>>> print(open('my_file09.cif').read())   # mmCIF, C-alpha atoms and all ligand atoms
data_coords
#
loop_
_atom_site.label_atom_id
_atom_site.label_comp_id
_atom_site.auth_asym_id
_atom_site.auth_seq_id
_atom_site.Cartn_x
_atom_site.Cartn_y
_atom_site.Cartn_z
CA MET M 1 106.77 139.96 63.69
CA ALA M 2 103.68 140.24 61.57
CA ALA M 3 103.95 142.37 58.53
CA THR M 4 100.79 144.35 59.18
CA SER M 5 100.83 146.98 61.90
CA PRO M 6 98.12 146.97 64.61
CA ASP M 7 95.17 149.25 64.25
CA LEU M 8 96.19 152.33 66.21
CA ALA M 9 94.26 155.53 66.54
CA ALA M 10 95.92 158.66 65.27
CA PRO M 11 97.99 160.39 67.97
CA ARG M 12 96.08 162.76 70.25
CA SER M 13 92.69 161.81 68.80
CA PRO M 14 89.95 162.07 71.46
CA TYR M 15 88.91 158.97 73.38
CA ALA M 16 86.14 157.12 71.61
CA ARG M 17 84.19 154.50 73.49
CA LYS M 18 84.26 151.22 71.62
CA LYS M 19 80.93 149.47 71.39
CA VAL M 20 81.50 145.87 72.43
CA THR M 21 77.92 144.64 72.57
CA ARG M 22 75.07 144.95 70.15
CA THR M 23 72.21 145.01 72.64
CA ASN M 24 71.32 146.46 76.03
CA TYR M 25 70.45 143.03 77.44
CA GLU M 26 72.36 143.47 80.72
CA LEU M 27 70.79 146.88 81.32
CA TYR M 28 67.27 145.46 80.94
CA SER M 29 68.18 142.51 83.15
CA TRP M 30 69.43 144.93 85.83
CA MET M 31 66.19 146.92 85.61
CA PHE M 32 64.13 143.73 85.75
CA MET M 33 65.85 142.60 88.99
CA ARG M 34 64.74 145.81 90.66
CA ALA M 35 61.22 145.99 89.23
CA SER M 36 60.45 142.33 89.92
CA GLY M 37 61.96 142.66 93.40
CA VAL M 38 59.48 145.35 94.38
CA VAL M 39 56.50 143.31 93.15
CA LEU M 40 57.84 140.12 94.78
CA ILE M 41 57.85 141.78 98.21
CA VAL M 42 54.06 142.15 98.05
CA LEU M 43 53.47 138.71 96.49
CA ILE M 44 55.75 136.78 98.86
CA PHE M 45 54.91 138.55 102.12
CA ALA M 46 51.19 137.97 101.57
CA HIS M 47 51.93 134.34 100.62
CA LEU M 48 53.87 133.81 103.86
CA TRP M 49 51.20 135.56 105.92
CA VAL M 50 48.32 133.47 104.60
CA ASN M 51 50.15 130.12 104.61
CA LEU M 52 52.49 130.38 107.59
CA VAL M 53 51.27 133.01 110.06
CA ALA M 54 47.48 133.35 109.89
CA GLY M 55 45.26 130.82 111.64
CA GLU M 56 47.06 127.60 112.47
CA GLY M 57 49.99 128.43 110.22
CA VAL M 58 51.89 125.57 108.62
CA ASN M 59 49.77 123.00 110.49
CA ALA M 60 46.68 123.99 108.53
CA ILE M 61 48.21 123.14 105.16
CA ASN M 62 46.89 120.02 103.45
CA PHE M 63 45.21 119.11 100.17
CA GLY M 64 41.93 120.73 101.22
CA PHE M 65 43.72 123.98 102.12
CA VAL M 66 45.31 124.20 98.67
CA ALA M 67 42.01 123.31 97.00
CA GLY M 68 40.30 126.11 98.92
CA LYS M 69 42.82 128.64 97.66
CA TRP M 70 42.98 127.51 94.02
CA ALA M 71 39.22 127.27 93.72
CA SER M 72 39.52 131.05 93.42
CA PRO M 73 40.99 132.70 90.31
CA PHE M 74 42.43 135.34 92.63
CA TRP M 75 44.93 132.96 94.23
CA GLN M 76 45.54 131.18 90.91
CA VAL M 77 46.68 134.43 89.33
CA TRP M 78 48.55 135.45 92.49
CA ASP M 79 50.52 132.21 92.59
CA LEU M 80 51.12 132.21 88.83
CA LEU M 81 52.58 135.71 88.97
CA MET M 82 54.70 134.78 91.98
CA LEU M 83 55.97 131.63 90.23
CA TRP M 84 56.96 133.42 87.05
CA LEU M 85 58.49 136.52 88.61
CA ALA M 86 60.43 134.58 91.28
CA MET M 87 61.74 132.09 88.72
CA PHE M 88 62.86 134.79 86.28
CA HIS M 89 64.37 136.85 89.11
CA GLY M 90 66.10 133.90 90.77
CA THR M 91 67.35 132.39 87.50
CA ASN M 92 68.69 135.72 86.35
CA GLY M 93 70.41 136.21 89.72
CA VAL M 94 72.05 132.79 89.59
CA ARG M 95 73.12 133.48 85.99
CA THR M 96 75.00 136.53 87.26
CA ILE M 97 76.65 134.47 89.98
CA ILE M 98 77.74 131.79 87.48
CA ASN M 99 79.23 134.51 85.27
CA ASP M 100 81.10 135.86 88.30
CA TYR M 101 82.71 132.65 89.53
CA ALA M 102 82.91 130.12 86.69
CA GLU M 103 85.93 131.28 84.76
CA ARG M 104 86.19 128.61 82.07
CA ASP M 105 83.89 128.92 79.06
CA GLY M 106 82.94 125.24 79.22
CA THR M 107 82.07 125.38 82.91
CA ARG M 108 79.87 128.44 82.42
CA LEU M 109 78.09 126.79 79.51
CA VAL M 110 77.34 123.58 81.40
CA LEU M 111 76.19 125.35 84.57
CA LYS M 112 73.88 127.64 82.60
CA LEU M 113 72.45 124.71 80.63
CA PHE M 114 71.51 123.06 83.96
CA LEU M 115 70.10 126.36 85.21
CA TYR M 116 67.90 126.93 82.15
CA LEU M 117 66.77 123.31 82.19
CA ALA M 118 65.68 123.65 85.84
CA PHE M 119 63.95 126.95 85.00
CA THR M 120 61.98 125.40 82.13
CA VAL M 121 60.93 122.29 84.03
CA VAL M 122 59.81 124.18 87.14
CA VAL M 123 57.97 126.98 85.30
CA VAL M 124 56.14 124.60 82.95
CA LEU M 125 55.28 122.13 85.71
CA GLY M 126 54.19 124.84 88.15
CA THR M 127 52.01 126.56 85.57
CA LEU M 128 50.34 123.31 84.53
CA VAL M 129 49.67 122.39 88.15
CA ILE M 130 47.91 125.70 88.89
CA PHE M 131 45.64 125.44 85.85
CA THR M 132 44.93 121.70 85.59
CA PHE M 133 44.31 121.29 89.32
CA ASP M 134 41.09 119.50 90.29
CA PRO M 135 40.05 120.55 93.83
CA CYS M 136 37.56 117.67 94.12
CA PRO M 137 39.01 114.50 92.54
CA THR M 138 36.20 111.93 92.42
CA ASP M 139 38.33 108.92 93.36
CA ALA M 140 39.70 110.44 96.59
CA PRO M 141 38.35 109.82 100.11
CA ALA M 142 35.93 112.63 101.05
CA ASP M 143 37.57 113.37 104.41
CA LEU M 144 40.73 114.54 102.63
CA LEU M 145 38.87 117.05 100.47
CA ALA M 146 37.67 120.59 101.05
CA SER M 147 34.20 120.88 102.56
CA PHE M 148 32.74 122.43 99.39
CA CYS M 149 33.36 119.18 97.48
CA THR M 150 30.62 117.34 99.38
CA ALA M 151 28.30 120.28 100.01
CA MET G 1 88.87 135.78 80.85
CA PRO G 2 90.99 137.76 83.32
CA SER G 3 91.00 136.20 86.74
CA ALA G 4 91.03 137.93 90.10
CA PRO G 5 93.66 137.13 92.71
CA ALA G 6 92.26 134.73 95.28
CA GLY G 7 91.71 135.50 98.94
CA THR G 8 91.15 139.22 98.66
CA LEU G 9 88.48 141.21 100.44
CA TYR G 10 86.69 143.78 98.35
CA ARG G 11 86.67 146.81 100.65
CA GLY G 12 85.25 144.69 103.50
CA ARG G 13 82.91 146.29 106.03
CA GLU G 14 79.13 146.66 105.80
CA GLY G 15 78.92 147.25 102.06
CA MET G 16 80.69 144.03 101.15
CA TRP G 17 79.15 141.82 103.80
CA SER G 18 75.61 142.90 102.99
CA TRP G 19 76.35 142.02 99.35
CA VAL G 20 77.64 138.58 100.43
CA ALA G 21 74.54 138.01 102.55
CA HIS G 22 72.27 139.13 99.69
CA ARG G 23 73.97 136.66 97.36
CA VAL G 24 73.86 133.73 99.80
CA THR G 25 70.20 134.30 100.72
CA GLY G 26 69.27 134.71 97.04
CA VAL G 27 70.76 131.34 96.09
CA LEU G 28 69.21 129.66 99.14
CA ILE G 29 65.73 130.94 98.31
CA PHE G 30 66.14 129.93 94.67
CA PHE G 31 66.97 126.30 95.50
CA PHE G 32 64.12 126.12 98.00
CA LEU G 33 61.76 127.47 95.33
CA LEU G 34 62.73 124.64 92.96
CA VAL G 35 61.90 122.07 95.67
CA HIS G 36 58.76 123.92 96.74
CA VAL G 37 57.22 123.88 93.27
CA LEU G 38 57.92 120.14 93.05
CA ASP G 39 56.32 119.35 96.43
CA THR G 40 53.28 121.47 95.59
CA ALA G 41 52.98 119.64 92.25
CA LEU G 42 52.02 116.54 94.27
CA VAL G 43 48.47 117.94 94.50
CA ARG G 44 48.19 116.65 90.92
CA VAL G 45 49.22 113.15 92.00
CA SER G 46 46.77 112.55 94.84
CA PRO G 47 45.56 114.14 98.10
CA GLU G 48 47.34 111.34 99.99
CA ALA G 49 50.70 112.00 98.31
CA TYR G 50 50.47 115.74 98.94
CA ASN G 51 49.43 115.36 102.57
CA ALA G 52 52.23 112.86 103.24
CA VAL G 53 54.92 115.23 102.01
CA ILE G 54 53.46 118.42 103.47
CA GLY G 55 53.20 116.52 106.76
CA THR G 56 56.99 116.49 106.92
CA TYR G 57 56.91 120.32 106.73
CA GLN G 58 54.97 120.26 110.00
CA THR G 59 57.61 118.45 112.05
CA PRO G 60 59.68 120.49 114.56
CA ILE G 61 62.91 120.06 112.55
CA MET G 62 61.35 121.39 109.36
CA GLY G 63 59.57 124.06 111.40
CA LEU G 64 62.98 125.36 112.46
CA GLY G 65 64.12 125.18 108.84
CA GLU G 66 61.14 127.33 107.86
CA ILE G 67 62.36 129.95 110.36
CA GLY G 68 65.71 130.02 108.57
CA LEU G 69 63.99 130.33 105.22
CA VAL G 70 61.74 133.16 106.36
CA ALA G 71 64.78 134.91 107.83
CA ALA G 72 66.60 134.60 104.48
CA ILE G 73 63.64 136.00 102.55
CA VAL G 74 63.05 138.87 104.99
CA PHE G 75 66.70 139.95 104.86
CA HIS G 76 66.87 139.60 101.06
CA ALA G 77 63.65 141.58 100.60
CA PHE G 78 64.58 144.46 102.95
CA ASN G 79 68.16 144.65 101.71
CA GLY G 80 66.79 144.52 98.14
CA VAL G 81 64.91 147.74 98.85
CA ARG G 82 68.17 149.19 100.21
CA ILE G 83 69.97 148.25 96.96
CA ILE G 84 67.22 149.90 94.92
CA LEU G 85 67.49 153.07 97.02
CA VAL G 86 71.28 153.14 96.65
CA ASP G 87 70.80 152.91 92.87
CA PHE G 88 67.93 155.33 92.34
CA TRP G 89 67.83 157.76 95.28
CA SER G 90 70.29 160.61 94.85
CA LYS G 91 71.37 160.38 98.51
CA GLY G 92 71.29 156.57 98.51
CA PRO G 93 75.03 155.92 98.24
CA ARG G 94 75.77 158.37 101.06
CA TYR G 95 73.31 156.65 103.41
CA GLN G 96 74.02 153.05 102.37
CA ARG G 97 75.52 152.18 105.77
CA THR G 98 72.73 153.83 107.76
CA MET G 99 70.21 152.04 105.56
CA LEU G 100 71.85 148.70 106.30
CA TRP G 101 71.25 149.26 110.02
CA VAL G 102 67.67 150.19 109.26
CA VAL G 103 67.40 146.89 107.32
CA VAL G 104 68.85 145.00 110.29
CA GLY G 105 66.44 146.77 112.65
CA LEU G 106 63.39 145.99 110.52
CA PHE G 107 64.64 142.42 110.17
CA VAL G 108 64.83 142.00 113.96
CA VAL G 109 61.35 143.46 114.44
CA THR G 110 59.84 141.23 111.72
CA MET G 111 61.48 138.09 113.05
CA ALA G 112 60.46 139.00 116.62
CA GLY G 113 56.89 138.97 115.34
CA PHE G 114 57.22 135.75 113.36
CA LEU G 115 59.29 133.63 115.76
CA PRO G 116 56.84 133.24 118.69
CA ARG G 117 54.03 132.58 116.25
CA GLN G 118 55.93 129.85 114.40
CA LEU G 119 57.28 128.28 117.62
CA MET G 120 53.71 128.16 118.91
CA HIS G 121 52.61 126.43 115.70
CA ILE G 122 55.34 123.81 115.67
CA PHE G 123 55.66 123.09 119.40
CA GLY G 124 52.33 124.25 120.81
CA GLY G 125 50.24 122.06 118.54
CA ASN G 126 48.11 124.85 117.13
C1 LIG K 1 61.24 139.41 98.30
C2 LIG K 1 61.47 140.25 97.34
C3 LIG K 1 62.82 140.37 96.65
C4 LIG K 1 63.50 141.53 96.47
C5 LIG K 1 63.09 142.94 96.91
C6 LIG K 1 64.72 141.21 95.75
C7 LIG K 1 65.65 142.16 95.34
C8 LIG K 1 66.83 141.85 94.70
C9 LIG K 1 67.77 142.82 94.18
C10 LIG K 1 67.60 144.33 94.20
C11 LIG K 1 68.83 142.14 93.67
C12 LIG K 1 70.11 142.75 93.12
C13 LIG K 1 70.29 142.55 91.67
C14 LIG K 1 71.57 143.21 91.20
O1 LIG K 1 72.46 143.50 92.01
O2 LIG K 1 71.64 143.45 89.99
C15 LIG K 1 68.57 140.73 93.85
C16 LIG K 1 69.43 139.70 93.52
C17 LIG K 1 69.13 138.35 93.61
N1 LIG K 1 67.95 137.81 94.04
FE1 LIG K 1 66.38 138.82 94.79
N2 LIG K 1 64.77 139.86 95.54
C18 LIG K 1 63.62 139.29 96.05
C19 LIG K 1 63.26 137.96 96.01
C20 LIG K 1 64.06 136.92 95.52
C21 LIG K 1 63.65 135.54 95.38
C22 LIG K 1 62.28 134.98 95.71
C23 LIG K 1 64.73 134.86 94.89
C24 LIG K 1 64.87 133.39 94.54
C25 LIG K 1 63.99 132.74 93.82
C26 LIG K 1 65.81 135.81 94.72
C27 LIG K 1 67.07 135.50 94.24
C28 LIG K 1 68.05 136.43 93.95
C29 LIG K 1 69.38 136.09 93.46
C30 LIG K 1 69.92 134.67 93.22
C31 LIG K 1 70.05 137.31 93.24
C32 LIG K 1 71.47 137.50 92.70
C33 LIG K 1 72.41 137.90 93.80
C34 LIG K 1 73.70 138.44 93.28
O3 LIG K 1 73.86 138.69 92.07
O4 LIG K 1 74.58 138.64 94.12
N3 LIG K 1 65.37 137.05 95.11
N4 LIG K 1 67.34 140.57 94.48
#
>>> encode(input="my_file09.cif", output="structure tokens")
Amino acid sequence: MAATSPDLAAPRSPYARKKVTRTNYELYSWMFMRASGVVLIVLIFAHLWVNLVAGEGVNAINFGFVAGKWASPFWQVWDLLMLWLAMFHGTNGVRTIINDYAERDGTRLVLKLFLYLAFTVVVVLGTLVIFTFDPCPTDAPADLLASFCTA
Amino acid sequence: MPSAPAGTLYRGREGMWSWVAHRVTGVLIFFFLLVHVLDTALVRVSPEAYNAVIGTYQTPIMGLGEIGLVAAIVFHAFNGVRIILVDFWSKGPRYQRTMLWVVVGLFVVTMAGFLPRQLMHIFGGN
């Protein structure tokens, strides 16, 4: 047996909650899931309506359709917000699930490294695409472009 | 880390199964989102590349897949509101089961509106 005795509280002293974390990270993450969820309902339902339900639905989608939407800052900002919120919300959700099921430290670390790598690649790529997009590339056949390119 | 005994059901019933469904739909939507940003990124490659890939989204098989995806999002969204109400509304926990049936009802109504429309688009040609 070790010579030193374990650190015991004095008998009958009142229960004192031990602080095991330094920050409120998980509380903020929990709040974020709920706040972003409410905003995502509006963003995603409108996205599905415009792209899948209205007009000819999925059949209407082609390069010209996308060009028509992103020619407007309104849809650029809409899609940017949707991209960022959904990626933070989804990544944070999957982080929780990894913490729940991957019991070994090494497994959790590797899975989360993959997760954060995917997050970074998709958010950076998606953001660049929205803002460097050229609706009327000069070297493309005119019949594939939106009508305002030739007008 | 302490580990839980395998093969147990936490309480079971509506509360647990709605949580399972929320989890499964959440992961499904997340992986689709990763793919969806990549396919959309093809607009930066060329109109031809984008149209070729988006063309596969317009086949009947993928059209049915889109129904599954919309169903997952609609359930996750409505049940998400239920979770928020359970957490923040003082009577939320008491009505969690009733609210799940409201979620299921709204889900059925929403899908009943979307299904004919989508089937028309993928099989009716317009
Ligand atoms: C449509 C609007 C949405 C709403 C209202 C919503 C709501 C919620 C809520 C309230 C939670 C629970 C978080 C917790 O228990 O702490 C959650 C979890 C989650 N959500 Fe969403 N969400 C939405 C969209 C999305 C999207 C677009 C994705 C994927 C990119 C996603 C992926 C997830 C994942 C993976 C979880 C974790 C599930 C778990 O821990 O069991 N959600 N969502």
>>> closest_residue(input="my_file09.cif", among="G:Arg11, G:His76, G:Arg117, G:Arg44", to="ligand LIG 1 (chain K)", atoms="only C-alpha atoms and all ligand atoms")
G:His76
>>> closest_atom_pairs(input="my_file09.cif", of="chain G", to="ligand LIG 1 (chain K)", cutoff="8 Å", atoms="only C-alpha atoms and all ligand atoms", output="CSV")
residue,atom,partner,partner_atom,distance
G:Trp19,CA,K:LIG1,O4,6.5
G:Val20,CA,K:LIG1,O4,7.0
G:His22,CA,K:LIG1,C33,6.0
G:Arg23,CA,K:LIG1,O4,3.8
G:Val24,CA,K:LIG1,C33,7.4
G:Thr25,CA,K:LIG1,C27,7.3
G:Gly26,CA,K:LIG1,C27,3.6
G:Val27,CA,K:LIG1,C30,4.5
G:Leu28,CA,K:LIG1,C24,7.3
G:Ile29,CA,K:LIG1,C24,4.6
G:Phe30,CA,K:LIG1,C25,3.6
G:Phe31,CA,K:LIG1,C25,7.3
G:Phe32,CA,K:LIG1,C25,7.8
G:Leu33,CA,K:LIG1,C25,5.9
G:Ile73,CA,K:LIG1,C1,6.0
G:Val74,CA,K:LIG1,C1,7.0
G:His76,CA,K:LIG1,N2,5.9
G:Ala77,CA,K:LIG1,C5,4.0
G:Phe78,CA,K:LIG1,C5,6.4
G:Asn79,CA,K:LIG1,C5,7.2
G:Gly80,CA,K:LIG1,C7,3.8
G:Val81,CA,K:LIG1,C5,5.5
G:Arg82,CA,K:LIG1,C10,7.8
G:Ile83,CA,K:LIG1,C10,5.3
G:Ile84,CA,K:LIG1,C10,5.6
>>> interface_residues(input="my_file09.cif", of="chain M", to="chain G", cutoff="6 Å", atoms="only C-alpha atoms", output="ChimeraX atom specification")
/M:56,59,62-63,90,129
>>> residues_around(input="my_file09.cif", residues="Thr132 of chain M", least_positions_apart="3", cutoff="12 Å", atoms="only C-alpha atoms", output="count of residues only")
17
>>> atom_distance(input="my_file09.cif", atom1="atom CA of Met62 of chain G", atom2="atom CA of Phe123 of chain G")
11.7 Å
>>> atom_distance(input="my_file09.cif", atom1="atom CA of Lys18 of chain M", atom2="atom CA of Ser90 of chain G")
28.7 Å
>>> closest_residue(input="my_file09.cif", among="M:Tyr25, M:Val110, M:Leu145, M:Trp75", to="His47 of chain M", atoms="only C-alpha atoms")
M:Trp75
>>> atom_distance(input="my_file09.cif", atom1="atom CA of Asn51 of chain M", atom2="atom CA of Val102 of chain G")
27.0 Å
>>> closest_atom_pairs(input="my_file09.cif", of="segment 13-64 of chain M", to="segment 81-87 of chain M", cutoff="10 Å", atoms="all atoms listed in the file", output="Markdown table")
| residue | atom | partner | partner_atom | distance |
| --- | --- | --- | --- | --- |
| M:Phe32 | CA | M:Leu85 | CA | 9.6 |
| M:Met33 | CA | M:Leu85 | CA | 9.6 |
| M:Ala35 | CA | M:Leu85 | CA | 9.9 |
| M:Ser36 | CA | M:Leu85 | CA | 6.3 |
| M:Gly37 | CA | M:Ala86 | CA | 8.5 |
| M:Val39 | CA | M:Leu85 | CA | 8.4 |
| M:Leu40 | CA | M:Met82 | CA | 6.8 |
| M:Ile41 | CA | M:Met82 | CA | 9.9 |
| M:Val42 | CA | M:Met82 | CA | 9.6 |
| M:Leu43 | CA | M:Met82 | CA | 6.1 |
| M:Ile44 | CA | M:Met82 | CA | 7.2 |
| M:His47 | CA | M:Met82 | CA | 9.1 |
>>> closest_residue(input="my_file09.cif", among="G:Gly92, G:Val86, G:Ala71, G:Tyr10", to="Val104 of chain G", atoms="only C-alpha atoms")
G:Ala71
>>> decode(input="my_file09.cif", residues="segment 100-118 of chain G", atoms="N, CA, C and O atoms", output="PDB file, in the first residue's frame")
ATOM      1  N   LEU G 100     -44.608  13.753 -30.677  1.00  0.00           N
ATOM      2  CA  LEU G 100     -44.056  12.862 -31.699  1.00  0.00           C
ATOM      3  C   LEU G 100     -45.140  12.497 -32.717  1.00  0.00           C
ATOM      4  O   LEU G 100     -44.881  12.463 -33.922  1.00  0.00           O
ATOM      5  N   TRP G 101     -46.369  12.277 -32.233  1.00  0.00           N
ATOM      6  CA  TRP G 101     -47.432  11.929 -33.189  1.00  0.00           C
ATOM      7  C   TRP G 101     -47.810  13.134 -34.029  1.00  0.00           C
ATOM      8  O   TRP G 101     -48.199  12.984 -35.194  1.00  0.00           O
ATOM      9  N   VAL G 102     -47.677  14.319 -33.471  1.00  0.00           N
ATOM     10  CA  VAL G 102     -47.883  15.524 -34.288  1.00  0.00           C
ATOM     11  C   VAL G 102     -46.799  15.591 -35.373  1.00  0.00           C
ATOM     12  O   VAL G 102     -47.078  15.878 -36.542  1.00  0.00           O
ATOM     13  N   VAL G 103     -45.542  15.293 -34.992  1.00  0.00           N
ATOM     14  CA  VAL G 103     -44.439  15.269 -35.956  1.00  0.00           C
ATOM     15  C   VAL G 103     -44.740  14.266 -37.068  1.00  0.00           C
ATOM     16  O   VAL G 103     -44.620  14.578 -38.257  1.00  0.00           O
ATOM     17  N   VAL G 104     -45.186  13.064 -36.683  1.00  0.00           N
ATOM     18  CA  VAL G 104     -45.486  12.038 -37.685  1.00  0.00           C
ATOM     19  C   VAL G 104     -46.625  12.510 -38.596  1.00  0.00           C
ATOM     20  O   VAL G 104     -46.565  12.337 -39.818  1.00  0.00           O
ATOM     21  N   GLY G 105     -47.637  13.142 -38.013  1.00  0.00           N
ATOM     22  CA  GLY G 105     -48.757  13.649 -38.808  1.00  0.00           C
ATOM     23  C   GLY G 105     -48.308  14.699 -39.813  1.00  0.00           C
ATOM     24  O   GLY G 105     -48.634  14.621 -41.003  1.00  0.00           O
ATOM     25  N   LEU G 106     -47.533  15.670 -39.337  1.00  0.00           N
ATOM     26  CA  LEU G 106     -47.033  16.716 -40.234  1.00  0.00           C
ATOM     27  C   LEU G 106     -46.124  16.131 -41.312  1.00  0.00           C
ATOM     28  O   LEU G 106     -46.121  16.571 -42.470  1.00  0.00           O
ATOM     29  N   PHE G 107     -45.353  15.119 -40.928  1.00  0.00           N
ATOM     30  CA  PHE G 107     -44.477  14.434 -41.879  1.00  0.00           C
ATOM     31  C   PHE G 107     -45.306  13.815 -43.001  1.00  0.00           C
ATOM     32  O   PHE G 107     -45.007  13.992 -44.190  1.00  0.00           O
ATOM     33  N   VAL G 108     -46.377  13.106 -42.633  1.00  0.00           N
ATOM     34  CA  VAL G 108     -47.225  12.450 -43.634  1.00  0.00           C
ATOM     35  C   VAL G 108     -47.832  13.488 -44.568  1.00  0.00           C
ATOM     36  O   VAL G 108     -47.831  13.324 -45.798  1.00  0.00           O
ATOM     37  N   VAL G 109     -48.332  14.585 -43.996  1.00  0.00           N
ATOM     38  CA  VAL G 109     -48.957  15.622 -44.816  1.00  0.00           C
ATOM     39  C   VAL G 109     -47.937  16.226 -45.790  1.00  0.00           C
ATOM     40  O   VAL G 109     -48.204  16.389 -46.983  1.00  0.00           O
ATOM     41  N   THR G 110     -46.730  16.532 -45.279  1.00  0.00           N
ATOM     42  CA  THR G 110     -45.699  17.138 -46.133  1.00  0.00           C
ATOM     43  C   THR G 110     -45.293  16.196 -47.257  1.00  0.00           C
ATOM     44  O   THR G 110     -45.188  16.603 -48.423  1.00  0.00           O
ATOM     45  N   MET G 111     -45.094  14.925 -46.920  1.00  0.00           N
ATOM     46  CA  MET G 111     -44.686  13.969 -47.944  1.00  0.00           C
ATOM     47  C   MET G 111     -45.815  13.716 -48.938  1.00  0.00           C
ATOM     48  O   MET G 111     -45.567  13.503 -50.125  1.00  0.00           O
ATOM     49  N   ALA G 112     -47.074  13.765 -48.464  1.00  0.00           N
ATOM     50  CA  ALA G 112     -48.210  13.593 -49.379  1.00  0.00           C
ATOM     51  C   ALA G 112     -48.247  14.739 -50.382  1.00  0.00           C
ATOM     52  O   ALA G 112     -48.715  14.581 -51.509  1.00  0.00           O
ATOM     53  N   GLY G 113     -47.752  15.900 -49.981  1.00  0.00           N
ATOM     54  CA  GLY G 113     -47.682  17.011 -50.921  1.00  0.00           C
ATOM     55  C   GLY G 113     -46.501  16.862 -51.877  1.00  0.00           C
ATOM     56  O   GLY G 113     -46.618  17.144 -53.075  1.00  0.00           O
ATOM     57  N   PHE G 114     -45.382  16.397 -51.363  1.00  0.00           N
ATOM     58  CA  PHE G 114     -44.162  16.328 -52.180  1.00  0.00           C
ATOM     59  C   PHE G 114     -44.171  15.145 -53.149  1.00  0.00           C
ATOM     60  O   PHE G 114     -43.765  15.271 -54.310  1.00  0.00           O
ATOM     61  N   LEU G 115     -44.632  13.981 -52.676  1.00  0.00           N
ATOM     62  CA  LEU G 115     -44.539  12.751 -53.465  1.00  0.00           C
ATOM     63  C   LEU G 115     -45.125  12.848 -54.867  1.00  0.00           C
ATOM     64  O   LEU G 115     -44.425  12.587 -55.847  1.00  0.00           O
ATOM     65  N   PRO G 116     -46.409  13.235 -55.023  1.00  0.00           N
ATOM     66  CA  PRO G 116     -46.990  13.283 -56.370  1.00  0.00           C
ATOM     67  C   PRO G 116     -46.223  14.223 -57.277  1.00  0.00           C
ATOM     68  O   PRO G 116     -45.984  13.934 -58.458  1.00  0.00           O
ATOM     69  N   ARG G 117     -45.801  15.340 -56.701  1.00  0.00           N
ATOM     70  CA  ARG G 117     -45.062  16.352 -57.445  1.00  0.00           C
ATOM     71  C   ARG G 117     -43.753  15.756 -57.993  1.00  0.00           C
ATOM     72  O   ARG G 117     -43.431  15.878 -59.171  1.00  0.00           O
ATOM     73  N   GLN G 118     -43.003  15.105 -57.120  1.00  0.00           N
ATOM     74  CA  GLN G 118     -41.713  14.538 -57.502  1.00  0.00           C
ATOM     75  C   GLN G 118     -41.905  13.384 -58.490  1.00  0.00           C
ATOM     76  O   GLN G 118     -41.170  13.281 -59.471  1.00  0.00           O
TER      77      GLN G 118
END
